[in-house]
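So the structure is just underneath, and the comments pick up after that.
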Amino acid sequence: MELKIDLAERNASMKAFFDWKADGFDDVHMSLVESKVAVTKVLPAGIRTVLDLGVGTGMELYALTERFPDVRITGVDISPNMLEYIHRRPFAGQVHCIIGDFFEGDFGEGYDAVISSSALHHFAPEDKAELYRKIYDCLRPGGWFVNADRFTDTEAEMLEFYQYYQDHKLDSNHCDTPLCTGLETGLLERAGMTEIRFDPVMTERGYKLLVCRKPG
């Protein structure tokens with residue numbers, strides 16, 4: 001099976017879905033708080049600048065701003081309805097929000113860390129390859145990329161997700177398409193990332209904590 005997803009179609013679907021789900025997003029994702037907190041726990045001391053891809057309503061930023069009180073955050077999300085919740089958070093003044101997808105526009109540069117939570121399991125390998133190059137380019141030398149997300153352990157399981165997506169994309173408003181850890185590792189290595197590992201976190205939900213680093 002060819003792992004292909006129309007990116008424009010996928011982004012439009014995600015925007016519609018998360019705009020619709022914004023009001024109840026926190027209630028649904030409370031069950032994933034452990035994975036969101038794990039992103040902050042694994043970061044080293046001294047983090048000052050962070051890019052959050054798929055920042056949503058900012059749930060993971062509670063732990064981040066508590067551990068790093070002076071951190072400055074750039075949050076990217078395709079859903080303006082989700083980002084509206086950022087403005088109500090106690091850390092709102094520390095977050096610069098960008099409405100848009102992950103593939104258009106410039107992230108900036110020199111970040112100590114790029115983080116994400118439950119947001120990057122929607123994209124095909126060729127699109128993730130492009131995204132990982134962008135992440136690499138926007139990190140300072142020695143900067144970290146940490147992603148709490150769904151990953152499969154095997155290629156067979158990954159293909160099951162993609163087959164389900166192809167069969168149901170027209171009648172389901174949300175289908176996950178996580179990649180297997182082996183394919184993820186290859187894409188990250190191709191982008192130039194090192195020290196790649198997948199730590200256990202909420203494995204019963206299919207979640208792992210991807211941790212890697214830009215050399216420097």
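FYI, nothing fancy with the structure tokens labels: chains A, B, ... in order, residues from 1 per chain, ligands from 1 as they appear.
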
* Return as a ChimeraX atom specification the full set of residues in region 29-87 of chain A whose backbone-based DSSP assignment is strand (DSSP E or B). => /A:49-53,72-77

Residue subset to file, keeping C-alpha atoms, as a PDB file, in the first residue's frame:
```pdb
ATOM      1  CA  THR A  49      12.278  29.544  23.736  1.00  0.00           C
ATOM      2  CA  VAL A  50       9.820  26.888  22.530  1.00  0.00           C
ATOM      3  CA  LEU A  51       7.844  26.237  19.363  1.00  0.00           C
ATOM      4  CA  ASP A  52       4.654  24.240  20.007  1.00  0.00           C
ATOM      5  CA  LEU A  53       3.220  22.569  16.902  1.00  0.00           C
ATOM      6  CA  ARG A  72       8.599  32.345  25.502  1.00  0.00           C
ATOM      7  CA  ILE A  73       6.375  30.189  23.308  1.00  0.00           C
ATOM      8  CA  THR A  74       5.348  30.338  19.671  1.00  0.00           C
ATOM      9  CA  GLY A  75       2.248  28.217  19.173  1.00  0.00           C
ATOM     10  CA  VAL A  76       1.072  27.091  15.738  1.00  0.00           C
ATOM     11  CA  ASP A  77      -2.384  25.649  15.156  1.00  0.00           C
TER      12      ASP A  77
END
```

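Of the listed residues A:Arg10, A:Arg213, A:Lys208, A:His29, the one whose atoms come nearest to Cys180 (chain A) is A:Lys208, with distances taken using only C-alpha atoms.
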
Using only C-alpha atoms, what does the table of region 66-108 of chain A residues within 9 Å of region 115-135 of chain A look like, with each row giving the shortest atom pair and its distance in Å to one decimal, sorted by chain and ascending number, as JSON lines?
```
{"residue": "A:Phe102", "atom": "CA", "partner": "A:Leu131", "partner_atom": "CA", "distance": 7.0}
{"residue": "A:Phe103", "atom": "CA", "partner": "A:Leu131", "partner_atom": "CA", "distance": 6.6}
{"residue": "A:Asp106", "atom": "CA", "partner": "A:Lys134", "partner_atom": "CA", "distance": 8.5}
{"residue": "A:Phe107", "atom": "CA", "partner": "A:Lys134", "partner_atom": "CA", "distance": 7.7}
```

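Each of A:Phe161, A:Phe91, A:Tyr62, A:Tyr207 was compared to Ala148 (chain A) using only C-alpha atoms, and A:Tyr207 turns out to be the nearest.
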
* To do: From the DSSP assignment of the backbone, select every residue of chain A that is alpha helix (DSSP H), and format the answer as a ChimeraX atom specification.
  => /A:7-21,25-29,33-42,61-67,80-83,125-138,155-168,181-191

Writer output for current selection, C-alpha atoms, as a compact mmCIF listing (two decimals), in the first residue's frame:
```txt
# COMPACT_ATOMS: atom_id res chain seq x y z
CA LEU A 7 -2.23 17.24 2.33
CA ALA A 8 -4.62 20.07 1.40
CA GLU A 9 -7.60 17.76 1.94
CA ARG A 10 -6.16 16.54 5.25
CA ASN A 11 -5.51 20.06 6.55
CA ALA A 12 -9.01 21.21 5.60
CA SER A 13 -10.48 18.21 7.39
CA MET A 14 -8.40 18.83 10.52
CA LYS A 15 -9.33 22.52 10.63
CA ALA A 16 -13.04 21.73 10.36
CA PHE A 17 -12.83 18.96 12.95
CA PHE A 18 -10.90 20.92 15.59
CA ASP A 19 -12.88 24.12 15.07
CA TRP A 20 -15.97 22.01 15.77
CA LYS A 21 -14.40 20.25 18.78
CA PHE A 25 -11.35 19.66 23.66
CA ASP A 26 -10.03 20.04 27.22
CA ASP A 27 -12.55 17.57 28.63
CA VAL A 28 -11.65 14.95 26.02
CA HIS A 29 -7.89 15.45 26.34
CA VAL A 33 -2.58 14.84 30.42
CA GLU A 34 0.10 12.36 31.47
CA SER A 35 1.57 12.43 27.96
CA LYS A 36 1.41 16.23 27.80
CA VAL A 37 3.22 16.63 31.13
CA ALA A 38 5.84 14.09 29.98
CA VAL A 39 6.90 16.49 27.22
CA THR A 40 8.01 19.06 29.79
CA LYS A 41 9.57 16.54 32.17
CA VAL A 42 12.03 15.26 29.58
CA LEU A 61 1.71 24.69 28.50
CA TYR A 62 0.61 24.57 32.14
CA ALA A 63 3.44 22.17 32.97
CA LEU A 64 5.87 23.94 30.64
CA THR A 65 5.38 27.41 32.10
CA GLU A 66 5.42 26.07 35.66
CA ARG A 67 8.82 24.47 35.15
CA PRO A 80 -8.57 29.61 15.29
CA ASN A 81 -11.32 28.33 17.60
CA MET A 82 -8.75 26.29 19.53
CA LEU A 83 -6.35 29.21 19.80
CA PRO A 125 5.69 10.06 5.41
CA GLU A 126 6.61 12.47 2.60
CA ASP A 127 4.88 15.33 4.45
CA LYS A 128 6.49 14.41 7.75
CA ALA A 129 9.88 14.38 6.02
CA GLU A 130 9.30 18.01 4.99
CA LEU A 131 8.07 18.93 8.46
CA TYR A 132 11.07 17.36 10.16
CA ARG A 133 13.42 19.35 7.93
CA LYS A 134 11.61 22.52 9.01
CA ILE A 135 11.90 21.52 12.66
CA TYR A 136 15.61 20.85 12.24
CA ASP A 137 16.15 24.23 10.59
CA CYS A 138 14.32 26.21 13.29
CA GLU A 155 4.61 -1.68 9.85
CA ALA A 156 1.63 -4.03 9.68
CA GLU A 157 -0.23 -2.06 12.34
CA MET A 158 0.60 1.19 10.56
CA LEU A 159 -0.85 -0.17 7.32
CA GLU A 160 -4.07 -1.09 9.11
CA PHE A 161 -4.50 2.56 10.14
CA TYR A 162 -3.87 3.75 6.59
CA GLN A 163 -6.31 1.22 5.14
CA TYR A 164 -8.96 2.35 7.63
CA TYR A 165 -8.33 5.98 6.63
CA GLN A 166 -8.66 5.19 2.91
CA ASP A 167 -11.86 3.24 3.55
CA HIS A 168 -13.51 5.77 5.86
CA THR A 181 8.67 3.92 15.01
CA GLY A 182 11.08 2.49 12.45
CA LEU A 183 9.80 4.74 9.67
CA GLU A 184 9.74 7.74 12.02
CA THR A 185 13.37 7.10 12.95
CA GLY A 186 14.42 7.01 9.31
CA LEU A 187 12.65 10.29 8.53
CA LEU A 188 14.23 12.01 11.53
CA GLU A 189 17.70 10.73 10.67
CA ARG A 190 17.26 11.97 7.10
CA ALA A 191 16.42 15.41 8.49
```

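Among the candidates A:Val201, A:Leu32, A:Val114, A:Ile98, the residue lying nearest to Arg48 (chain A) is A:Val114 (atoms considered: only C-alpha atoms).
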
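Residue nearest Pro69 (chain A), chosen from A:Lys4, A:Glu84, A:Ala45, A:Lys169 and counting only C-alpha atoms: A:Ala45.
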
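CA of Pro178 (chain A) is found 26.6 Å from CA of Tyr85 (chain A).
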
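Nearest residue to Gly192 (chain A) among A:Phe151, A:Gly142, A:Thr177, A:Ser79 is A:Gly142, counting only C-alpha atoms.
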
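Considering the residues A:Tyr111, A:Ala22, A:Pro200, A:Pro90 and counting only C-alpha atoms, Gly46 (chain A) has its shortest atom-to-atom contact with A:Tyr111.
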
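Note that CA of Gly24 (chain A) and CA of Ile86 (chain A) are 14.3 Å apart.
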